[in-house]
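With JSON, C-alpha atoms and all ligand atoms inside, this is input.json:
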[["chain", "number", "residue", "atom", "x", "y", "z"],
["A", 1, "MET", "CA", 0.00, 0.00, 0.00],
["A", 2, "LYS", "CA", 1.43, 3.37, -1.01],
["A", 3, "VAL", "CA", 0.48, 6.61, 0.73],
["A", 4, "TRP", "CA", 0.46, 9.84, -1.30],
["A", 5, "ARG", "CA", 0.41, 13.20, 0.46],
["A", 6, "THR", "CA", 0.80, 15.59, -2.45],
["A", 7, "LEU", "CA", -1.32, 15.77, -5.57],
["A", 8, "GLY", "CA", 1.78, 15.89, -7.78],
["A", 9, "ASP", "CA", 3.07, 12.58, -6.40],
["A", 10, "TRP", "CA", -0.38, 11.00, -6.68],
["A", 11, "ARG", "CA", -0.82, 12.18, -10.30],
["A", 12, "ALA", "CA", 2.54, 10.61, -11.21],
["A", 13, "ALA", "CA", 1.46, 7.33, -9.58],
["A", 14, "ARG", "CA", -1.94, 7.51, -11.32],
["A", 15, "GLY", "CA", -0.12, 7.71, -14.67],
["A", 16, "GLY", "CA", 1.32, 4.27, -13.97],
["A", 17, "LEU", "CA", -2.17, 2.74, -13.51],
["A", 18, "ALA", "CA", -3.35, 3.36, -17.09],
["A", 19, "GLY", "CA", -5.39, 0.48, -18.48],
["A", 20, "ARG", "CA", -6.26, -0.97, -15.04],
["A", 21, "SER", "CA", -9.73, -0.79, -13.51],
["A", 22, "ILE", "CA", -9.74, 1.33, -10.36],
["A", 23, "GLY", "CA", -12.14, 1.06, -7.44],
["A", 24, "PHE", "CA", -12.25, 4.22, -5.35],
["A", 25, "VAL", "CA", -13.40, 4.59, -1.72],
["A", 26, "PRO", "CA", -13.54, 8.24, -0.60],
["A", 27, "THR", "CA", -13.54, 8.71, 3.19],
["A", 28, "MET", "CA", -12.91, 11.23, 5.93],
["A", 29, "GLY", "CA", -10.91, 8.66, 7.91],
["A", 30, "ALA", "CA", -11.85, 7.27, 11.34],
["A", 31, "LEU", "CA", -12.28, 4.05, 9.40],
["A", 32, "HIS", "CA", -14.43, 1.20, 10.74],
["A", 33, "ALA", "CA", -15.72, -2.16, 9.58],
["A", 34, "GLY", "CA", -18.19, -0.46, 7.21],
["A", 35, "HIS", "CA", -15.30, 1.14, 5.34],
["A", 36, "ARG", "CA", -13.55, -2.24, 5.21],
["A", 37, "THR", "CA", -16.62, -3.66, 3.49],
["A", 38, "LEU", "CA", -16.45, -0.90, 0.85],
["A", 39, "LEU", "CA", -12.72, -1.54, 0.36],
["A", 40, "ALA", "CA", -13.26, -5.31, 0.12],
["A", 41, "ARG", "CA", -15.94, -4.85, -2.51],
["A", 42, "ALA", "CA", -13.75, -2.40, -4.45],
["A", 43, "SER", "CA", -10.93, -4.94, -4.27],
["A", 44, "ALA", "CA", -13.15, -7.79, -5.51],
["A", 45, "GLU", "CA", -14.47, -5.78, -8.47],
["A", 46, "ASN", "CA", -11.36, -3.91, -9.70],
["A", 47, "ASP", "CA", -7.67, -4.40, -10.52],
["A", 48, "CYS", "CA", -6.62, -1.74, -8.05],
["A", 49, "VAL", "CA", -8.11, 0.02, -4.98],
["A", 50, "VAL", "CA", -7.61, 3.70, -4.15],
["A", 51, "LEU", "CA", -8.67, 5.09, -0.76],
["A", 52, "SER", "CA", -8.79, 8.80, 0.06],
["A", 53, "ILE", "CA", -8.65, 10.14, 3.61],
["A", 54, "PHE", "CA", -9.55, 13.82, 3.89],
["A", 55, "VAL", "CA", -11.60, 15.54, 6.60],
["A", 56, "ASN", "CA", -13.34, 17.92, 4.24],
["A", 57, "PRO", "CA", -13.82, 21.29, 6.00],
["A", 58, "THR", "CA", -16.35, 22.63, 3.48],
["A", 59, "GLN", "CA", -19.00, 20.06, 4.38],
["A", 60, "PHE", "CA", -19.07, 21.02, 8.07],
["A", 61, "ASN", "CA", -21.56, 23.79, 8.73],
["A", 62, "ASP", "CA", -20.64, 23.65, 12.44],
["A", 63, "PRO", "CA", -16.97, 24.45, 13.25],
["A", 64, "ALA", "CA", -17.28, 22.59, 16.59],
["A", 65, "ASP", "CA", -18.31, 19.44, 14.71],
["A", 66, "LEU", "CA", -15.26, 19.77, 12.42],
["A", 67, "ALA", "CA", -12.97, 20.26, 15.42],
["A", 68, "LYS", "CA", -14.38, 17.15, 17.14],
["A", 69, "TYR", "CA", -14.20, 14.92, 14.06],
["A", 70, "PRO", "CA", -11.90, 11.98, 14.95],
["A", 71, "ARG", "CA", -8.52, 11.99, 13.20],
["A", 72, "THR", "CA", -6.91, 8.58, 13.42],
["A", 73, "LEU", "CA", -4.60, 8.37, 10.41],
["A", 74, "GLU", "CA", -2.19, 5.70, 11.70],
["A", 75, "ALA", "CA", -5.04, 3.37, 12.74],
["A", 76, "ASP", "CA", -6.79, 4.06, 9.40],
["A", 77, "LEU", "CA", -3.72, 3.09, 7.40],
["A", 78, "ALA", "CA", -3.37, -0.11, 9.45],
["A", 79, "LEU", "CA", -7.04, -0.98, 8.88],
["A", 80, "ALA", "CA", -6.78, -0.45, 5.12],
["A", 81, "ALA", "CA", -3.32, -1.98, 4.60],
["A", 82, "ASP", "CA", -4.42, -5.35, 3.22],
["A", 83, "LEU", "CA", -7.18, -3.94, 0.99],
["A", 84, "ALA", "CA", -6.03, -0.59, -0.48],
["A", 85, "ASP", "CA", -3.21, -0.31, -3.02],
["A", 86, "HIS", "CA", -3.00, 3.48, -2.88],
["A", 87, "VAL", "CA", -4.07, 5.96, -0.21],
["A", 88, "ILE", "CA", -4.26, 9.66, -0.95],
["A", 89, "VAL", "CA", -4.12, 11.99, 2.06],
["A", 90, "PRO", "CA", -4.31, 15.46, 0.52],
["A", 91, "GLU", "CA", -3.90, 18.83, 2.22],
["A", 92, "ALA", "CA", -6.83, 21.27, 2.20],
["A", 93, "ALA", "CA", -4.67, 23.96, 0.57],
["A", 94, "GLU", "CA", -3.99, 21.68, -2.40],
["A", 95, "LEU", "CA", -7.59, 20.51, -2.79],
["A", 96, "TYR", "CA", -8.97, 24.04, -2.46],
["A", 97, "PRO", "CA", -6.56, 26.32, -4.36],
["A", 98, "ASP", "CA", -9.60, 28.55, -5.06],
["A", 99, "ASN", "CA", -10.52, 28.75, -1.35],
["A", 100, "PHE", "CA", -13.90, 27.15, -2.23],
["A", 101, "ASN", "CA", -14.94, 30.01, -4.52],
["A", 102, "TYR", "CA", -15.92, 27.40, -7.09],
["A", 103, "ARG", "CA", -18.40, 24.82, -5.89],
["A", 104, "VAL", "CA", -20.99, 22.28, -7.03],
["A", 105, "THR", "CA", -24.53, 23.21, -6.02],
["A", 106, "GLU", "CA", -27.64, 21.11, -6.39],
["A", 107, "ASP", "CA", -30.90, 22.98, -6.08],
["A", 108, "SER", "CA", -33.51, 20.43, -5.07],
["A", 109, "LEU", "CA", -32.79, 17.32, -2.97],
["A", 110, "SER", "CA", -29.76, 18.95, -1.32],
["A", 111, "ARG", "CA", -31.99, 21.62, 0.22],
["A", 112, "ARG", "CA", -34.20, 19.17, 2.12],
["A", 113, "LEU", "CA", -33.70, 16.79, 5.09],
["A", 114, "GLU", "CA", -29.95, 16.86, 5.94],
["A", 115, "GLY", "CA", -29.53, 19.91, 3.72],
["A", 116, "ALA", "CA", -32.22, 21.83, 5.60],
["A", 117, "HIS", "CA", -30.51, 21.11, 8.93],
["A", 118, "ARG", "CA", -26.93, 21.53, 7.67],
["A", 119, "PRO", "CA", -26.96, 24.48, 5.23],
["A", 120, "GLY", "CA", -24.22, 24.17, 2.62],
["A", 121, "HIS", "CA", -23.29, 20.63, 3.67],
["A", 122, "PHE", "CA", -23.99, 19.04, 0.30],
["A", 123, "ASP", "CA", -22.23, 21.83, -1.63],
["A", 124, "GLY", "CA", -19.11, 20.79, 0.29],
["A", 125, "VAL", "CA", -19.70, 17.08, -0.24],
["A", 126, "LEU", "CA", -20.41, 17.33, -3.97],
["A", 127, "THR", "CA", -17.51, 19.71, -4.57],
["A", 128, "VAL", "CA", -14.95, 17.53, -2.82],
["A", 129, "VAL", "CA", -16.30, 14.33, -4.42],
["A", 130, "LEU", "CA", -16.01, 15.93, -7.88],
["A", 131, "LYS", "CA", -12.43, 17.00, -7.15],
["A", 132, "LEU", "CA", -11.53, 13.51, -5.88],
["A", 133, "LEU", "CA", -13.17, 11.81, -8.88],
["A", 134, "ASN", "CA", -11.17, 14.10, -11.18],
["A", 135, "LEU", "CA", -7.95, 13.23, -9.35],
["A", 136, "VAL", "CA", -8.51, 9.47, -9.12],
["A", 137, "GLN", "CA", -10.40, 8.89, -12.40],
["A", 138, "PRO", "CA", -11.81, 5.63, -11.05],
["A", 139, "THR", "CA", -13.78, 3.01, -12.93],
["A", 140, "ARG", "CA", -16.10, 2.62, -9.93],
["A", 141, "ALA", "CA", -16.60, 4.63, -6.73],
["A", 142, "TYR", "CA", -18.13, 3.07, -3.60],
["A", 143, "PHE", "CA", -20.56, 4.84, -1.25],
["A", 144, "GLY", "CA", -22.49, 3.53, 1.75],
["A", 145, "GLU", "CA", -26.29, 3.60, 1.78],
["A", 146, "LYS", "CA", -26.26, 4.96, 5.36],
["A", 147, "ASP", "CA", -25.66, 8.38, 3.82],
["A", 148, "TRP", "CA", -28.69, 7.94, 1.58],
["A", 149, "GLN", "CA", -29.02, 11.56, 0.52],
["A", 150, "GLN", "CA", -25.29, 11.86, -0.19],
["A", 151, "LEU", "CA", -25.44, 8.72, -2.34],
["A", 152, "ARG", "CA", -28.45, 9.97, -4.33],
["A", 153, "LEU", "CA", -26.84, 13.39, -4.84],
["A", 154, "VAL", "CA", -23.52, 11.90, -5.98],
["A", 155, "GLU", "CA", -25.41, 9.67, -8.43],
["A", 156, "GLY", "CA", -27.28, 12.75, -9.66],
["A", 157, "MET", "CA", -24.06, 14.75, -10.06],
["A", 158, "VAL", "CA", -22.47, 11.94, -12.09],
["A", 159, "ARG", "CA", -25.49, 11.93, -14.42],
["A", 160, "ALA", "CA", -25.73, 15.74, -14.62],
["A", 161, "LEU", "CA", -22.03, 16.37, -15.26],
["A", 162, "LEU", "CA", -21.57, 13.31, -17.52],
["A", 163, "LEU", "CA", -18.81, 11.88, -15.35],
["A", 164, "PRO", "CA", -17.30, 8.61, -16.62],
["A", 165, "VAL", "CA", -17.61, 6.61, -13.38],
["A", 166, "GLU", "CA", -19.97, 3.97, -12.02],
["A", 167, "ILE", "CA", -21.30, 4.74, -8.54],
["A", 168, "VAL", "CA", -21.70, 1.56, -6.48],
["A", 169, "ALA", "CA", -24.17, 1.70, -3.56],
["A", 170, "CYS", "CA", -23.21, -0.56, -0.64],
["A", 171, "PRO", "CA", -25.66, -1.69, 2.09],
["A", 172, "THR", "CA", -25.32, -0.20, 5.57],
["A", 173, "GLU", "CA", -23.24, -2.23, 8.02],
["A", 174, "ARG", "CA", -24.80, -2.49, 11.50],
["A", 175, "GLU", "CA", -23.81, -3.43, 15.04],
["A", 176, "SER", "CA", -25.62, -6.41, 16.62],
["A", 177, "ASP", "CA", -28.26, -4.06, 18.15],
["A", 178, "GLY", "CA", -28.92, -2.50, 14.73],
["A", 179, "LEU", "CA", -26.99, 0.76, 15.15],
["A", 180, "ALA", "CA", -25.46, 1.75, 11.81],
["A", 181, "LEU", "CA", -21.65, 1.83, 11.87],
["A", 182, "SER", "CA", -20.44, 5.41, 11.87],
["A", 183, "SER", "CA", -17.27, 7.28, 12.77],
["A", 184, "ARG", "CA", -19.41, 9.34, 15.14],
["A", 185, "ASN", "CA", -20.37, 6.29, 17.26],
["A", 186, "ARG", "CA", -17.00, 6.41, 19.01],
["A", 187, "ARG", "CA", -18.02, 9.76, 20.54],
["A", 188, "LEU", "CA", -20.99, 8.18, 22.36],
["A", 189, "SER", "CA", -20.69, 7.49, 26.10],
["A", 190, "PRO", "CA", -21.52, 3.89, 27.13],
["A", 191, "VAL", "CA", -24.98, 5.04, 28.25],
["A", 192, "ALA", "CA", -25.73, 6.88, 24.99],
["A", 193, "ARG", "CA", -24.29, 4.00, 22.98],
["A", 194, "ALA", "CA", -26.60, 1.53, 24.76],
["A", 195, "GLN", "CA", -29.59, 3.75, 24.01],
["A", 196, "ALA", "CA", -28.62, 4.43, 20.37],
["A", 197, "GLY", "CA", -29.77, 1.01, 19.17],
["A", 198, "GLN", "CA", -33.34, 2.27, 19.68],
["A", 199, "PHE", "CA", -32.88, 4.71, 16.80],
["A", 200, "PRO", "CA", -32.99, 2.22, 13.87],
["A", 201, "ARG", "CA", -35.47, 0.02, 15.76],
["A", 202, "ILE", "CA", -37.99, 2.88, 16.09],
["A", 203, "LEU", "CA", -37.39, 4.08, 12.51],
["A", 204, "ARG", "CA", -38.26, 0.58, 11.33],
["A", 205, "SER", "CA", -41.20, -0.21, 13.61],
["A", 206, "ALA", "CA", -43.16, 3.07, 13.76],
["A", 207, "ALA", "CA", -46.25, 3.19, 11.57],
["A", 208, "THR", "CA", -45.56, 6.70, 10.28],
["A", 209, "ALA", "CA", -42.71, 9.20, 10.25],
["A", 210, "ALA", "CA", -44.64, 11.36, 12.72],
["A", 211, "ALA", "CA", -45.07, 8.39, 15.08],
["A", 212, "ALA", "CA", -41.34, 7.66, 14.84],
["A", 213, "MET", "CA", -40.54, 11.27, 15.78],
["A", 214, "THR", "CA", -42.81, 11.07, 18.83],
["A", 215, "GLU", "CA", -41.38, 7.73, 19.96],
["A", 216, "LEU", "CA", -37.77, 8.88, 19.47],
["A", 217, "SER", "CA", -38.43, 12.04, 21.51],
["A", 218, "GLN", "CA", -40.07, 9.98, 24.25],
["A", 219, "SER", "CA", -36.96, 7.75, 24.28],
["A", 220, "GLY", "CA", -34.83, 10.78, 25.10],
["A", 221, "PHE", "CA", -33.40, 11.68, 21.67],
["A", 222, "GLU", "CA", -33.45, 15.18, 20.23],
["A", 223, "VAL", "CA", -35.01, 14.64, 16.82],
["A", 224, "ASP", "CA", -33.92, 16.77, 13.85],
["A", 225, "TYR", "CA", -36.27, 15.04, 11.42],
["A", 226, "VAL", "CA", -37.87, 11.79, 10.36],
["A", 227, "ALA", "CA", -39.25, 11.73, 6.84],
["A", 228, "ASP", "CA", -40.54, 9.16, 4.41],
["A", 229, "GLU", "CA", -39.25, 9.25, 0.85],
["A", 230, "PRO", "CA", -40.34, 6.67, -1.76],
["A", 231, "GLY", "CA", -39.27, 3.28, -0.35],
["A", 232, "VAL", "CA", -37.17, 4.66, 2.50],
["A", 233, "ARG", "CA", -37.58, 6.31, 5.92],
["A", 234, "LEU", "CA", -34.79, 8.73, 6.89],
["A", 235, "GLY", "CA", -33.99, 10.18, 10.27],
["A", 236, "ALA", "CA", -31.48, 12.33, 12.14],
["A", 237, "ILE", "CA", -31.23, 12.54, 15.92],
["A", 238, "ARG", "CA", -28.88, 13.89, 18.56],
["A", 239, "THR", "CA", -27.84, 12.20, 21.72],
["A", 240, "GLU", "CA", -25.31, 13.85, 24.06],
["A", 241, "ASN", "CA", -24.71, 16.33, 21.21],
["A", 242, "VAL", "CA", -23.59, 13.57, 18.85],
["A", 243, "ARG", "CA", -25.62, 13.69, 15.67],
["A", 244, "LEU", "CA", -26.58, 10.35, 14.11],
["A", 245, "ILE", "CA", -28.34, 9.72, 10.81],
["A", 246, "ASP", "CA", -29.84, 6.52, 9.49],
["A", 247, "ASN", "CA", -32.41, 5.20, 7.06],
["A", 248, "VAL", "CA", -34.44, 2.02, 6.70],
["A", 249, "ARG", "CA", -36.31, 0.55, 3.78],
["A", 250, "LEU", "CA", -40.09, 0.81, 3.96],
["B", 1, "LIG", "O1", -19.11, 10.09, 3.39],
["B", 1, "LIG", "C1", -18.05, 10.68, 3.64],
["B", 1, "LIG", "O2", -17.19, 10.19, 4.37],
["B", 1, "LIG", "C2", -17.80, 12.05, 3.03],
["B", 1, "LIG", "O3", -18.97, 12.78, 2.93],
["B", 1, "LIG", "C3", -17.08, 11.98, 1.67],
["B", 1, "LIG", "C4", -17.93, 11.27, 0.62],
["B", 1, "LIG", "C5", -15.75, 11.24, 1.82],
["B", 1, "LIG", "C6", -16.80, 13.40, 1.17],
["B", 1, "LIG", "O4", -15.98, 14.10, 2.06]]

Output the structure of this file as structure tokens.
Amino acid sequence: MKVWRTLGDWRAARGGLAGRSIGFVPTMGALHAGHRTLLARASAENDCVVLSIFVNPTQFNDPADLAKYPRTLEADLALAADLADHVIVPEAAELYPDNFNYRVTEDSLSRRLEGAHRPGHFDGVLTVVLKLLNLVQPTRAYFGEKDWQQLRLVEGMVRALLLPVEIVACPTERESDGLALSSRNRRLSPVARAQAGQFPRILRSAATAAAAMTELSQSGFEVDYVADEPGVRLGAIRTENVRLIDNVRL
């Protein structure tokens, strides 16, 4: 596994991969078993696997959330070592030479649900994903279904901007109590962690989105939203100031 910290070095390495299929897994680090599943699938379906680790500042609407985001590079590299061939760990100054004056904006889905609660979040996500796709030029890029809205918006951007990449949606990995794996879970206290398994259970069992909101509030969560979209129920809650999102099929 080779680790590239400058875009110039990565571009030179990318030149040597011509003709090989590339599976790309973009991440913000704090890797867990869910990321390993994405890497394993990328490895099974491509000649070569590229992982990116970059805590993208432009997708954090709350500076405190950015500051608290776990940064665990050495552990991440160890976790990916047997699955990734190349890891790019870019600097913000290199990825944003324009200081984010140029950005990708989507005007419909990105304004609702997560977008309504985190203004500008998806501009940051789409912009960094476009930059990373341009740098990696993968055959396939792998995204988890836990971030349902992100996945749909990336698929939409690929269609809208005619990008030559296949987006592969991967099912959400869950703990034994149903909690979706997330880098944020490690910020939960043991008490909050024990309670958090209720979140997907209530999303799944409530008869309506409104009933799920009521039941989640009664269980002690602060509820940002629960909403039904065709075939899927989405929710975002806070517990001990840690924000968790999830979705279940209807
Ligand atoms: O899902 C994530 O980890 C991030 O939103 C992504 C896609 C790596 C962009 O920063």

Neighbour list for Ala44 (chain A) as a ChimeraX atom specification, cut-off 12 Å, all atoms listed in the file, skip fewer than 4 positions in-chain: /A:21-23,37-40,48-49,83-84,140

Would you mind listing the residues within 8 Å of ligand LIG 1 (chain B), counting all atoms listed in the file, as an mmCIF file with C-alpha atoms, in the frame of the given file?
data_model
loop_
_atom_site.group_PDB
_atom_site.id
_atom_site.type_symbol
_atom_site.label_atom_id
_atom_site.label_comp_id
_atom_site.auth_asym_id
_atom_site.auth_seq_id
_atom_site.Cartn_x
_atom_site.Cartn_y
_atom_site.Cartn_z
ATOM 1 C CA VAL A 25 -13.400 4.590 -1.720
ATOM 2 C CA PRO A 26 -13.540 8.240 -0.600
ATOM 3 C CA THR A 27 -13.540 8.710 3.190
ATOM 4 C CA MET A 28 -12.910 11.230 5.930
ATOM 5 C CA GLY A 29 -10.910 8.660 7.910
ATOM 6 C CA SER A 52 -8.790 8.800 0.060
ATOM 7 C CA ILE A 53 -8.650 10.140 3.610
ATOM 8 C CA PHE A 54 -9.550 13.820 3.890
ATOM 9 C CA VAL A 55 -11.600 15.540 6.600
ATOM 10 C CA ASN A 56 -13.340 17.920 4.240
ATOM 11 C CA GLN A 59 -19.000 20.060 4.380
ATOM 12 C CA GLY A 124 -19.110 20.790 0.290
ATOM 13 C CA VAL A 125 -19.700 17.080 -0.240
ATOM 14 C CA LEU A 126 -20.410 17.330 -3.970
ATOM 15 C CA VAL A 128 -14.950 17.530 -2.820
ATOM 16 C CA VAL A 129 -16.300 14.330 -4.420
ATOM 17 C CA PHE A 143 -20.560 4.840 -1.250
ATOM 18 C CA GLY A 144 -22.490 3.530 1.750
ATOM 19 C CA ASP A 147 -25.660 8.380 3.820
ATOM 20 C CA GLN A 150 -25.290 11.860 -0.190
#

Nearby residues (only C-alpha atoms) at most 12 Å from Pro230 (chain A), same-chain spacing under 4 positions excluded, as an NGL selection string: :A and (234 or 247-250)

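Put simply, CA of Val168 (chain A) is 20.7 Å away from CA of Val104 (chain A).
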
Residue neighbourhood Ile167 (chain A), 9 Å, all atoms listed in the file, exclusion window fewer than 4 positions, as a list in words: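 Near Ile167 (chain A), the qualifying residues are Thr139, Arg140, Ala141, Tyr142, Phe143, Leu151, Val154, Glu155 and Val158 of chain A.
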
Top pick for closest residue to Thr6 (chain A), considering A:Arg111, A:Leu161, A:Ile88, A:Arg193 and counting all atoms listed in the file: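 Between A:Arg111, A:Leu161, A:Ile88, A:Arg193, the residue approaching Thr6 (chain A) most closely is A:Ile88.
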
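Closest approach to Met213 (chain A) among A:Pro70, A:Gln195, A:Val232, A:Ile237 is made by A:Ile237 (distances from all atoms listed in the file).
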
All residues 10 Å or closer to Leu244 (chain A), only C-alpha atoms, same chain fewer than 4 positions away omitted, as a ChimeraX atom specification: /A:179-180,182-185,196,199,223-224,235-239

Atoms kept (C-alpha atoms) for selection, written as a JSON list (two decimals), keeping the file's coordinate frame:
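Just written: selection.json:
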[["chain", "number", "residue", "atom", "x", "y", "z"],
["A", 179, "LEU", "CA", -26.99, 0.76, 15.15],
["A", 180, "ALA", "CA", -25.46, 1.75, 11.81],
["A", 182, "SER", "CA", -20.44, 5.41, 11.87],
["A", 183, "SER", "CA", -17.27, 7.28, 12.77],
["A", 184, "ARG", "CA", -19.41, 9.34, 15.14],
["A", 185, "ASN", "CA", -20.37, 6.29, 17.26],
["A", 196, "ALA", "CA", -28.62, 4.43, 20.37],
["A", 199, "PHE", "CA", -32.88, 4.71, 16.80],
["A", 223, "VAL", "CA", -35.01, 14.64, 16.82],
["A", 224, "ASP", "CA", -33.92, 16.77, 13.85],
["A", 235, "GLY", "CA", -33.99, 10.18, 10.27],
["A", 236, "ALA", "CA", -31.48, 12.33, 12.14],
["A", 237, "ILE", "CA", -31.23, 12.54, 15.92],
["A", 238, "ARG", "CA", -28.88, 13.89, 18.56],
["A", 239, "THR", "CA", -27.84, 12.20, 21.72]]

Counting only C-alpha atoms, the residue of A:Lys2, A:Val136, A:Ala116, A:Glu175 that sits nearest Ala80 (chain A): A:Lys2

Among listed residues A:Ala227, A:Leu77, A:Arg187, A:Val50, nearest Asp65 (chain A) (using all atoms listed in the file):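 Ranked by minimum distance to Asp65 (chain A), first place goes to A:Arg187.
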
Nearest-residue call for Gly220 (chain A), choices A:Asn134, A:Asn99, A:Gln198, A:Thr208, using all atoms listed in the file: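 Using all atoms listed in the file, Gly220 (chain A) sits closest to A:Gln198.
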
For Gln149 (chain A), the nearest of the candidates A:Leu162, A:Leu113, A:Met1, A:Leu133, counting only C-alpha atoms: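 Of the candidates, the smallest distance to Gln149 (chain A) is held by A:Leu113.
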
d(CA of Gly34 (chain A), CA of Glu173 (chain A)) in Å: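 Those two atoms sit 5.4 Å apart.
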
Gap from CA of Arg233 (chain A) to CA of Arg201 (chain A) - Å, one decimal: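 Answer for the CA of Arg233 (chain A) to CA of Arg201 (chain A) separation: 11.9 Å.
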
Using all atoms of region 92-107 of chain A that appear in the file, construct an axis-aligned enclosing box with 6 Å of padding on every side and provide its centre coordinates and edge lengths in Å, rounded to one decimal, as JSON.
{"center_x": -17.4, "center_y": 25.3, "center_z": -2.4, "size_x": 38.9, "size_y": 21.5, "size_z": 21.3}
